[in-house]
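Structure data follow from data24.txt (compact mmCIF, C-alpha atoms):
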```
# COMPACT_ATOMS: atom_id res chain seq x y z
CA MET A 1 0.00 0.00 0.00
CA VAL A 2 0.98 3.64 -0.30
CA CYS A 3 1.46 6.65 1.91
CA PHE A 4 0.68 10.38 2.31
CA ARG A 5 2.86 13.45 2.23
CA LEU A 6 0.76 16.55 2.24
CA ALA A 7 2.78 19.17 4.05
CA PRO A 8 5.68 21.52 3.44
CA VAL A 9 9.01 20.41 4.83
CA LEU A 10 9.83 22.49 7.87
CA ARG A 11 12.95 22.07 9.97
CA VAL A 12 13.85 18.75 8.43
CA LYS A 13 16.52 17.21 10.61
CA LEU A 14 18.17 13.85 10.57
CA PHE A 15 16.84 12.89 13.99
CA LEU A 16 13.27 13.54 12.82
CA VAL A 17 13.74 11.39 9.75
CA CYS A 18 15.10 8.54 11.85
CA LEU A 19 12.24 8.99 14.30
CA ALA A 20 9.65 8.93 11.55
CA LEU A 21 10.92 5.76 9.96
CA GLY A 22 12.08 3.91 13.02
CA ALA A 23 10.50 4.68 16.35
CA ALA A 24 6.87 4.65 15.28
CA GLN A 25 6.25 1.83 12.84
CA PRO A 26 4.10 2.92 9.85
CA PHE A 27 0.90 1.32 8.68
CA THR A 28 -0.44 1.64 5.14
CA LEU A 29 -3.89 3.16 4.92
CA GLU A 30 -6.07 2.75 1.85
CA LEU A 31 -9.47 4.20 1.06
CA ASN A 32 -11.66 3.84 -2.03
CA LEU A 33 -14.68 6.15 -1.72
CA THR A 34 -17.69 5.54 -3.96
CA ASN A 35 -20.74 7.68 -4.69
CA SER A 36 -24.42 6.72 -4.76
CA GLU A 37 -23.88 5.04 -8.16
CA LYS A 38 -21.08 2.86 -6.72
CA ALA A 39 -18.50 4.70 -8.84
CA THR A 40 -15.16 5.68 -7.31
CA CYS A 41 -15.01 9.39 -6.47
CA LEU A 42 -11.80 9.41 -4.40
CA TYR A 43 -8.91 7.01 -3.98
CA ALA A 44 -6.18 7.41 -1.37
CA LYS A 45 -3.34 5.28 -0.13
CA TRP A 46 -0.68 6.57 2.22
CA GLN A 47 1.42 6.15 5.33
CA MET A 48 1.77 8.55 8.23
CA ASN A 49 2.84 8.82 11.84
CA PHE A 50 3.08 11.51 14.47
CA THR A 51 5.42 12.69 17.21
CA ILE A 52 3.70 14.55 20.06
CA GLN A 53 5.33 16.43 22.89
CA TYR A 54 3.27 17.24 26.00
CA GLU A 55 3.84 18.76 29.42
CA THR A 56 3.54 16.57 32.51
CA THR A 57 2.29 17.41 36.00
CA ASN A 58 5.96 17.60 37.04
CA ASN A 59 6.50 20.44 34.53
CA THR A 60 8.67 18.21 32.33
CA ASN A 61 8.12 17.36 28.67
CA ASN A 62 7.36 13.85 27.44
CA THR A 63 7.38 12.67 23.82
CA VAL A 64 5.19 9.94 22.33
CA ASN A 65 5.21 8.43 18.85
CA ILE A 66 1.86 7.56 17.31
CA SER A 67 1.01 5.38 14.31
CA PRO A 68 -2.50 4.35 13.19
CA LEU A 69 -1.82 0.66 13.77
CA ASP A 70 -5.18 -0.56 15.05
CA ASN A 71 -8.88 0.25 15.34
CA VAL A 72 -8.74 2.24 12.10
CA THR A 73 -12.08 3.56 10.77
CA TYR A 74 -12.98 6.06 8.06
CA ASN A 75 -16.23 7.44 9.48
CA GLY A 76 -17.09 10.82 8.00
CA SER A 77 -15.23 10.29 4.74
CA ASN A 78 -17.40 11.38 1.81
CA CYS A 79 -17.41 12.33 -1.86
CA GLY A 80 -18.65 15.86 -1.22
CA ASP A 81 -21.51 17.65 -3.00
CA ASP A 82 -22.22 20.83 -4.94
CA HIS A 83 -21.19 22.97 -1.97
CA THR A 84 -18.36 21.05 -0.28
CA GLY A 85 -15.49 19.00 -1.64
CA PRO A 86 -14.48 15.44 -0.77
CA LYS A 87 -13.12 14.63 2.67
CA VAL A 88 -11.02 11.81 4.09
CA ALA A 89 -11.57 11.22 7.80
CA VAL A 90 -9.56 8.64 9.75
CA GLN A 91 -10.03 7.56 13.35
CA PHE A 92 -7.58 5.25 15.10
CA ARG A 93 -6.45 3.93 18.45
CA SER A 94 -8.15 5.74 21.34
CA GLY A 95 -9.23 9.30 20.62
CA PHE A 96 -7.04 10.05 17.59
CA SER A 97 -8.51 11.52 14.40
CA TRP A 98 -7.07 12.88 11.17
CA ASN A 99 -8.83 14.70 8.34
CA VAL A 100 -7.96 16.12 4.94
CA ASN A 101 -10.25 18.27 2.75
CA PHE A 102 -10.13 18.74 -1.01
CA THR A 103 -11.37 21.62 -3.14
CA LYS A 104 -11.74 22.10 -6.89
CA GLU A 105 -11.00 25.10 -9.02
CA THR A 106 -10.82 24.07 -12.68
CA PRO A 107 -8.41 23.05 -14.15
CA ASN A 108 -7.00 21.90 -10.78
CA TYR A 109 -8.06 20.35 -7.53
CA SER A 110 -6.27 20.98 -4.24
CA ILE A 111 -5.35 19.14 -1.08
CA ASP A 112 -6.74 21.99 0.95
CA ARG A 113 -6.41 21.51 4.70
CA ILE A 114 -5.30 18.80 7.10
CA SER A 115 -6.10 18.52 10.80
CA PHE A 116 -5.02 16.11 13.51
CA SER A 117 -6.64 15.68 16.93
CA TYR A 118 -5.69 13.71 20.03
CA ASP A 119 -7.04 13.37 23.56
CA THR A 120 -4.59 13.77 26.45
CA LYS A 121 -7.16 12.24 28.79
CA ASP A 122 -5.86 8.89 27.49
CA ASN A 123 -3.62 8.12 30.47
CA LYS A 124 -2.11 5.08 28.79
CA THR A 125 -0.75 7.16 25.89
CA PHE A 126 -0.20 10.42 27.79
CA PRO A 127 0.69 9.45 31.39
CA ASP A 128 0.81 12.36 33.86
CA ALA A 129 -0.34 14.88 31.24
CA LYS A 130 -0.79 18.30 32.83
CA TYR A 131 -3.55 19.34 30.41
CA LYS A 132 -6.45 16.95 29.98
CA GLY A 133 -8.57 17.34 26.88
CA ILE A 134 -8.70 17.27 23.09
CA VAL A 135 -5.91 19.04 21.21
CA THR A 136 -6.26 19.86 17.50
CA VAL A 137 -3.64 21.12 15.07
CA SER A 138 -4.80 22.33 11.68
CA ASP A 139 -3.28 24.17 8.77
CA ALA A 140 -3.79 24.91 5.09
CA VAL A 141 -1.74 22.82 2.67
CA ALA A 142 -2.82 24.08 -0.77
CA VAL A 143 -1.18 21.42 -2.95
CA LYS A 144 -2.58 21.94 -6.46
CA ILE A 145 -2.98 18.98 -8.81
CA PRO A 146 -4.38 18.91 -12.36
CA LEU A 147 -7.88 17.46 -12.57
CA ASN A 148 -7.85 13.80 -13.61
CA ASP A 149 -4.24 13.34 -12.40
CA ILE A 150 -3.32 11.17 -9.43
CA PHE A 151 -0.94 12.74 -6.93
CA ARG A 152 2.11 10.69 -5.96
CA CYS A 153 4.75 11.49 -3.37
CA ASN A 154 7.09 8.76 -2.17
CA SER A 155 9.45 11.13 -0.37
CA LEU A 156 9.20 11.80 3.35
CA LEU A 157 7.52 15.12 4.14
CA ILE A 158 7.47 16.60 7.61
CA TYR A 159 5.00 19.17 8.89
CA GLU A 160 5.55 20.70 12.31
CA LYS A 161 3.13 22.86 14.25
CA ASN A 162 2.89 23.58 17.95
CA ASP A 163 3.94 20.39 19.75
CA VAL A 164 3.15 17.96 16.91
CA VAL A 165 5.42 16.72 14.13
CA GLN A 166 3.52 14.95 11.34
CA HIS A 167 5.28 12.59 8.91
CA TYR A 168 3.75 11.62 5.56
CA TRP A 169 5.22 9.48 2.79
CA SER A 170 4.33 7.02 -0.01
CA ILE A 171 1.23 9.04 -0.92
CA LEU A 172 -1.08 8.12 -3.76
CA VAL A 173 -4.31 10.13 -3.92
CA GLN A 174 -6.87 11.35 -6.42
CA ALA A 175 -9.95 13.37 -5.54
CA PHE A 176 -12.73 14.23 -8.02
CA VAL A 177 -12.15 10.96 -9.90
CA GLN A 178 -13.64 11.18 -13.39
CA ASN A 179 -16.11 8.52 -14.58
CA GLY A 180 -15.25 6.26 -11.64
CA THR A 181 -11.81 5.38 -13.05
CA VAL A 182 -8.64 6.25 -11.14
CA SER A 183 -6.20 8.00 -13.45
CA ARG A 184 -2.86 6.56 -14.52
CA GLU A 185 -1.48 10.06 -15.20
CA GLU A 186 0.70 10.94 -12.21
CA PHE A 187 1.46 14.36 -10.78
CA LEU A 188 4.63 14.13 -8.68
CA CYS A 189 5.43 16.23 -5.64
CA GLU A 190 8.46 18.49 -5.95
CA GLU A 191 10.50 16.24 -3.66
CA ASP A 192 9.99 13.24 -5.94
CA LYS A 193 10.81 15.31 -9.02
CA SER A 194 14.17 16.22 -7.54
CA LEU A 195 14.88 12.53 -6.89
CA THR A 196 13.96 11.32 -10.35
CA THR A 197 15.85 14.06 -12.21
CA ILE A 198 19.30 13.53 -10.69
CA ALA A 199 21.66 13.42 -13.64
CA PRO A 200 23.65 10.20 -14.04
CA THR A 201 27.41 10.34 -14.37
CA ILE A 202 27.34 9.14 -17.99
CA VAL A 203 24.36 9.31 -20.31
CA PRO A 204 25.06 7.61 -23.64
CA SER A 205 22.74 8.49 -26.50
CA PRO A 206 21.67 4.94 -27.35
CA THR A 207 20.25 2.64 -24.70
CA THR A 208 23.06 0.54 -23.29
CA THR A 209 22.69 -3.22 -22.99
CA PRO A 210 23.13 -4.47 -19.43
CA THR A 211 25.65 -7.18 -18.67
CA PRO A 212 23.73 -10.47 -18.35
CA LYS A 213 23.51 -11.67 -14.77
CA GLU A 214 23.26 -15.14 -13.35
CA ARG A 215 19.99 -16.32 -11.89
CA PRO A 216 19.11 -14.66 -8.58
CA GLU A 217 19.05 -16.64 -5.37
CA VAL A 218 15.59 -17.85 -4.35
CA GLY A 219 14.61 -16.47 -0.95
CA ASN A 220 11.83 -17.12 1.56
CA TYR A 221 9.85 -14.13 2.83
CA SER A 222 6.99 -13.92 5.31
CA VAL A 223 4.77 -11.38 7.06
CA THR A 224 3.43 -11.98 10.54
CA GLN A 225 0.41 -10.54 12.26
CA GLY A 226 0.35 -11.05 15.99
CA ASN A 227 1.87 -14.46 16.63
CA SER A 228 0.92 -16.05 13.30
CA THR A 229 2.17 -15.89 9.73
CA CYS A 230 -0.31 -14.21 7.39
CA LEU A 231 1.69 -14.04 4.13
CA LEU A 232 4.25 -16.41 2.59
CA ALA A 233 6.46 -15.80 -0.43
CA THR A 234 9.26 -17.80 -2.03
CA MET A 235 10.95 -16.34 -5.09
CA GLY A 236 14.11 -15.24 -6.82
CA LEU A 237 13.82 -11.68 -8.10
CA GLN A 238 15.71 -10.01 -10.93
CA LEU A 239 14.92 -6.36 -11.67
CA ASN A 240 15.25 -5.00 -15.20
CA ILE A 241 15.33 -1.20 -15.30
CA THR A 242 15.71 1.31 -18.11
CA HIS A 243 16.40 4.80 -16.79
CA ASP A 244 17.76 7.75 -18.79
CA LYS A 245 18.57 5.38 -21.66
CA VAL A 246 20.70 3.21 -19.37
CA ALA A 247 19.61 -0.39 -18.80
CA SER A 248 20.36 -2.08 -15.47
CA VAL A 249 19.86 -5.57 -14.11
CA ILE A 250 19.71 -6.05 -10.33
CA ASN A 251 19.47 -9.40 -8.56
CA ILE A 252 17.89 -9.22 -5.11
CA ASN A 253 19.90 -10.99 -2.44
CA PRO A 254 17.41 -12.39 0.09
CA ASN A 255 20.15 -12.64 2.75
CA THR A 256 20.60 -8.85 2.86
CA THR A 257 16.98 -7.86 2.28
CA ASP A 258 14.57 -6.73 5.00
CA VAL A 259 10.89 -7.67 4.91
CA THR A 260 7.85 -5.79 6.19
CA GLY A 261 4.20 -5.89 5.25
CA SER A 262 0.62 -6.03 6.41
CA CYS A 263 -2.41 -8.30 6.11
CA GLN A 264 -6.02 -7.16 5.87
CA PRO A 265 -9.15 -9.17 4.99
CA LYS A 266 -9.11 -8.03 1.35
CA THR A 267 -5.62 -6.62 0.85
CA ALA A 268 -2.12 -7.76 1.74
CA GLU A 269 1.25 -6.14 1.29
CA LEU A 270 4.81 -7.43 1.02
CA LYS A 271 7.54 -4.80 1.15
CA LEU A 272 11.26 -5.46 0.56
CA ASN A 273 14.17 -3.10 1.06
CA ASN A 274 17.96 -3.17 1.25
CA SER A 275 20.90 -0.86 0.63
CA ASP A 276 19.98 -0.42 -3.06
CA ILE A 277 16.22 -0.80 -2.89
CA LYS A 278 14.45 1.92 -0.93
CA TYR A 279 11.31 -0.16 -1.30
CA LEU A 280 9.86 -2.82 -3.57
CA GLU A 281 6.22 -3.26 -2.67
CA PHE A 282 3.82 -5.98 -3.82
CA VAL A 283 0.14 -5.36 -3.06
CA PHE A 284 -2.39 -8.19 -3.34
CA ALA A 285 -6.18 -7.92 -3.44
CA VAL A 286 -9.24 -10.16 -3.34
CA LYS A 287 -11.62 -10.24 -6.29
CA ASN A 288 -15.07 -11.78 -6.60
CA GLU A 289 -14.78 -12.88 -2.95
CA ASN A 290 -13.04 -16.10 -3.97
CA ARG A 291 -9.74 -15.32 -5.73
CA PHE A 292 -6.64 -13.25 -5.08
CA TYR A 293 -4.23 -11.54 -7.47
CA LEU A 294 -1.27 -9.15 -7.58
CA LYS A 295 -2.87 -5.72 -7.99
CA GLU A 296 -0.02 -3.28 -7.50
CA VAL A 297 3.75 -2.90 -7.55
CA ASN A 298 5.58 0.18 -6.26
CA ALA A 299 9.35 0.58 -6.40
CA SER A 300 12.08 3.09 -5.63
CA ILE A 301 15.61 1.91 -6.43
CA VAL A 302 19.03 3.54 -6.17
CA LEU A 303 20.97 2.84 -9.35
CA ALA A 304 24.73 2.38 -9.74
CA ASN A 305 25.21 5.96 -10.95
CA GLY A 306 23.51 7.39 -7.87
CA SER A 307 20.22 8.33 -9.49
CA VAL A 308 16.90 7.10 -8.10
CA PHE A 309 14.40 5.21 -10.23
CA SER A 310 10.79 5.28 -8.99
CA THR A 311 7.73 3.71 -10.56
CA ALA A 312 4.30 2.36 -9.67
CA ASN A 313 1.40 0.51 -11.24
CA ASN A 314 -1.85 -0.07 -9.32
CA SER A 315 -3.80 -1.75 -12.12
CA LEU A 316 -1.96 -5.06 -12.55
CA SER A 317 -3.53 -8.49 -12.79
CA TYR A 318 -0.88 -11.17 -12.16
CA TRP A 319 -0.54 -14.28 -9.99
CA ASP A 320 -4.26 -15.10 -9.93
CA ALA A 321 -5.33 -18.06 -7.76
CA PRO A 322 -8.27 -19.18 -5.57
CA LEU A 323 -8.43 -17.98 -1.98
CA GLY A 324 -7.17 -20.67 0.35
CA SER A 325 -4.53 -21.81 -2.12
CA SER A 326 -1.09 -20.58 -3.19
CA TYR A 327 0.18 -19.52 -6.61
CA MET A 328 3.26 -21.27 -8.01
CA CYS A 329 5.45 -20.77 -11.05
CA ASN A 330 8.75 -22.67 -11.06
CA LYS A 331 9.78 -21.56 -14.53
CA GLU A 332 11.23 -18.11 -15.16
CA ASP A 333 8.42 -15.63 -15.63
CA THR A 334 8.26 -11.89 -16.31
CA LEU A 335 6.13 -9.39 -14.44
CA SER A 336 5.84 -6.20 -16.52
CA VAL A 337 5.23 -3.20 -14.28
CA SER A 338 5.93 -0.55 -16.93
CA GLU A 339 7.89 -0.11 -20.14
CA ALA A 340 10.91 0.83 -18.05
CA PHE A 341 10.56 -1.78 -15.30
CA GLN A 342 10.16 -5.54 -15.45
CA ILE A 343 10.68 -8.18 -12.77
CA ASN A 344 11.88 -11.67 -13.66
CA THR A 345 10.76 -14.26 -11.12
CA PHE A 346 12.32 -17.66 -10.47
CA GLY A 347 10.92 -20.48 -8.35
CA LEU A 348 7.92 -18.36 -7.42
CA ARG A 349 5.37 -19.40 -4.82
CA ILE A 350 3.11 -16.92 -3.05
CA GLN A 351 0.19 -17.05 -0.63
CA PRO A 352 -0.99 -13.65 0.65
CA PHE A 353 -4.24 -14.83 2.31
CA ASN A 354 -5.52 -17.65 4.53
CA VAL A 355 -2.13 -19.03 5.56
CA LYS A 356 -2.63 -21.85 8.06
CA GLU A 357 0.04 -23.00 10.51
CA GLY A 358 2.73 -21.11 8.59
CA VAL A 359 2.76 -23.46 5.57
CA TYR A 360 1.63 -23.15 1.97
CA SER A 361 -1.73 -24.51 0.87
CA THR A 362 -2.21 -26.49 -2.35
CA ALA A 363 -0.75 -24.55 -5.28
CA GLU A 364 -2.35 -23.41 -8.50
CA GLU A 365 0.38 -23.60 -11.13
CA CYS A 366 1.10 -20.99 -13.78
CA SER A 367 0.49 -21.81 -17.44
CA ALA A 368 4.24 -22.19 -18.09
CA ASP A 369 4.51 -24.93 -15.46
CA PHE A 370 1.32 -26.55 -16.68
CA ASP A 371 2.59 -26.63 -20.25
CA LEU A 372 5.84 -28.20 -19.07
CA ASN A 373 4.06 -30.81 -16.96
CA PHE A 374 1.77 -31.55 -19.86
CA LEU A 375 4.49 -31.76 -22.50
CA ILE A 376 6.72 -34.21 -20.62
CA PRO A 377 4.23 -37.12 -20.63
CA VAL A 378 3.23 -36.27 -24.21
CA ALA A 379 6.89 -36.40 -25.29
CA VAL A 380 7.37 -39.71 -23.48
CA GLY A 381 4.23 -41.11 -25.11
CA VAL A 382 5.37 -40.01 -28.56
CA ALA A 383 8.79 -41.59 -28.02
CA LEU A 384 7.23 -44.86 -26.87
CA GLY A 385 4.88 -44.86 -29.85
CA PHE A 386 7.78 -44.28 -32.22
CA LEU A 387 9.70 -47.13 -30.57
CA ILE A 388 6.75 -49.47 -30.98
CA ILE A 389 6.49 -48.56 -34.67
CA VAL A 390 10.23 -49.20 -35.19
CA VAL A 391 9.97 -52.60 -33.46
CA PHE A 392 6.90 -53.51 -35.52
CA ILE A 393 8.57 -52.53 -38.81
CA SER A 394 11.71 -54.49 -37.85
CA TYR A 395 9.54 -57.50 -37.05
CA MET A 396 7.73 -57.32 -40.39
CA ILE A 397 11.01 -57.01 -42.32
CA GLY A 398 12.47 -59.99 -40.45
CA ARG A 399 9.35 -62.04 -41.11
CA ARG A 400 9.45 -61.33 -44.84
CA LYS A 401 13.09 -62.39 -44.99
CA SER A 402 12.23 -65.65 -43.24
CA ARG A 403 9.51 -66.44 -45.80
CA THR A 404 11.85 -65.70 -48.69
CA GLY A 405 14.37 -68.18 -47.28
CA TYR A 406 11.77 -70.95 -47.02
CA GLN A 407 10.65 -70.44 -50.64
CA SER A 408 14.20 -70.74 -52.02
CA VAL A 409 14.64 -74.10 -50.26
```
Could you express the structure from this file as structure tokens?
Amino acid sequence: MVCFRLAPVLRVKLFLVCLALGAAQPFTLELNLTNSEKATCLYAKWQMNFTIQYETTNNTNNTVNISPLDNVTYNGSNCGDDHTGPKVAVQFRSGFSWNVNFTKETPNYSIDRISFSYDTKDNKTFPDAKYKGIVTVSDAVAVKIPLNDIFRCNSLLIYEKNDVVQHYWSILVQAFVQNGTVSREEFLCEEDKSLTTIAPTIVPSPTTTPTPKERPEVGNYSVTQGNSTCLLATMGLQLNITHDKVASVININPNTTDVTGSCQPKTAELKLNNSDIKYLEFVFAVKNENRFYLKEVNASIVLANGSVFSTANNSLSYWDAPLGSSYMCNKEDTLSVSEAFQINTFGLRIQPFNVKEGVYSTAEECSADFDLNFLIPVAVGVALGFLIIVVFISYMIGRRKSRTGYQSV
């Protein structure tokens, strides 16, 4: 899933970045709002967390880190009407709420205002708080986006006001969706534009051919929820990237790759990262209540020349299998995310839902494996048939020779 960055970067310091990405673990939020005709009017996917400082009864300052990890609801979110624009409202944990409003002024729409509220009467979260009550921070954002474009911001943005530092990243959002179809035209935040336009050291005019690499090592990945495993993945991954006319091939080493993710009733996420891969995210979804498939891939990768390649596709349809089973493809297969990014998979097996006792369920095989399994017995049958024909012909020739011998006697 993806994340939100709606605010200007104020007083960005290294310790805040580390705090945002380390101390308070993020959770991907996703919302698909529909109107009375069941057509999508707003789509949002983002990550966020908060750092709050408060005064205690001893006149000292305490700091807490908050992430929307549990009890998440979206009550109050709506598509808007002729007088008001769409709104995303999120409630989580005990007494926390977050809202963002959107406005439209053709030819653009805007992420207008965000607000965050918390209740210091929650003694578990705010022990010994001097002030007891609801605190709200709110400010205008005014991020303008062309109508029918989807806003993307993978970079970390930090917004600080009063005693609250808000962190937003991996944002994907579109308000005022046209004809119920989320756009594939992306409008990048300025921070992402600066990442994707870093000039490489050498830019040859023709596209260079990458040096062929050996097969990647097959690794085992898993996501846990509570004390149980909720997602299993086994695969070797080879990334094929074309960026600024330079082609690169990257094999993922499972021994140096970190794994995170999340599991929800109808969505699941597997996220990989290492020293070269800022994130490689696979998002799975349920369709027709009885099958799962790979719906989305998001990636941000540091290339050998120091530039950063980022891409995303949230309208994929790969690795389709029944719920309660796993998907398997032993042969090399190619997952095409975009014209500039393909993933070669080796020894693939994946189960993002209904994992029981930490082991794979019965697998549905890909067509490449099925063709191989089908062709082997066919080839054996053909060979046996040919052998029988050869034996029969040899027998007939030998028999004719025997008769000829008898006649000459």
Problem - Residues near A:Val88, cut-off 9 Å, all atoms listed in the file, skip fewer than 4 positions along chain, as an NGL selection string - result: :A and (31 or 33 or 42 or 44 or 74-79 or 98-102)
Handout entry: Among the residues A:Ile389, A:Ile145, A:Leu335, A:Ile277, the one that comes closest to A:Ser307 [using all atoms listed in the file]
Key =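 Closest candidate: A:Ile277.
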Exercise for the section: Rank nothing, just name the residue among A:Ala129, A:Ile393, A:Cys41, A:Leu147 nearest to A:Tyr54, using only C-alpha atoms. Expected result: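 Closest to A:Tyr54, using only C-alpha atoms: A:Ala129.
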Exercise for the section: Find the distance between atom CA of A:Val259 and atom CA of A:Arg152 and write it in Å to one decimal. Expected result: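 Spanning atom CA of A:Val259 to atom CA of A:Arg152 is a straight-line distance of 23.1 Å.
Here atom CA of A:Val283 is placed at a distance of 21.2 Å from atom CA of A:Asn71.
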Fill in the blank from the handout: In terms of all atoms listed in the file, the residue from A:Asp320, A:Glu269, A:Glu339, A:Asp112 at minimal distance from A:Ala140 is A:Asp112
Exercise for the section: Determine, counting all atoms listed in the file, which protein, DNA and RNA residues have an atom within 8 Å of an atom of A:Ser361; residues of the same chain fewer than 4 positions away are not included. Present the result as a ChimeraX atom specification. Expected result: /A:324-326,351,355-356
Handout entry: Pick from A:Leu303, A:Ile350, A:Leu384, A:Ala321, whichever lies nearest to A:Ala247 using only C-alpha atoms
Key = A:Leu303
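The gap separating atom CA of A:Gln225 from atom CA of A:Thr51 is 24.3 Å, in Å to one decimal.
Closest approach to A:Asn314 among A:Thr181, A:Asn148, A:Ser394, A:Asn255 is made by A:Thr181 (distances from only C-alpha atoms).
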Exercise for the section: Have a look at A:Asn251, A:Ser300, A:Ser338, A:Thr60 and name the one nearest to A:Ser155; count all atoms listed in the file. Expected result: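 That would be A:Ser300, the residue with the smallest distance to A:Ser155.
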Practice task
Counting all atoms listed in the file, write as an NGL selection string all protein and nucleic acid residues lying at most 10 Å from (5.3, 17.2, 27.5) in the file's frame.
Solution key: :A and (52-64 or 126-131 or 163)
Practice task
Excluding A:Met328 and any residue of its chain fewer than 5 positions from it, enumerate the residues within 9 Å of it, using all atoms listed in the file, and give them as a ChimeraX atom specification.
Solution key: /A:319,347-350,363-366,369
Problem - Selection: 10 Å around A:Val72, all atoms listed in the file, excl. self and same-chain fewer than 5 positions, as JSON, numbers by chain - result: {"A": [29, 90, 91, 92, 93, 94, 96, 97]}
Residues from the last selection, C-alpha atoms, saved as a JSON list (two decimals), keeping the file's coordinate frame:
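Here's the written file part-v3.json:
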```json
[["chain", "number", "residue", "atom", "x", "y", "z"],
["A", 29, "LEU", "CA", -3.89, 3.16, 4.92],
["A", 90, "VAL", "CA", -9.56, 8.64, 9.75],
["A", 91, "GLN", "CA", -10.03, 7.56, 13.35],
["A", 92, "PHE", "CA", -7.58, 5.25, 15.10],
["A", 93, "ARG", "CA", -6.45, 3.93, 18.45],
["A", 94, "SER", "CA", -8.15, 5.74, 21.34],
["A", 96, "PHE", "CA", -7.04, 10.05, 17.59],
["A", 97, "SER", "CA", -8.51, 11.52, 14.40]]
```
Find the axis-aligned box for stretch 115-123 of chain A, covering all its listed atoms and adding 3 Å on each side, and write its centre and edge lengths in Å to one decimal as lines of an AutoDock Vina configuration file.
```
center_x = -5.4
center_y = 13.3
center_z = 20.6
size_x = 9.5
size_y = 16.4
size_z = 25.7
```
Exercise for the section: Find the spatial neighbours of A:Leu316, counting all atoms listed in the file, within a cut-off of 9 Å - ignore same-chain residues fewer than 6 positions away - and output them as a list in words. Expected result: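 With the cut-off at 9 Å, the set is Tyr293, Leu294, Lys295, Glu296, Val297, Ser336 and Val337 of chain A.
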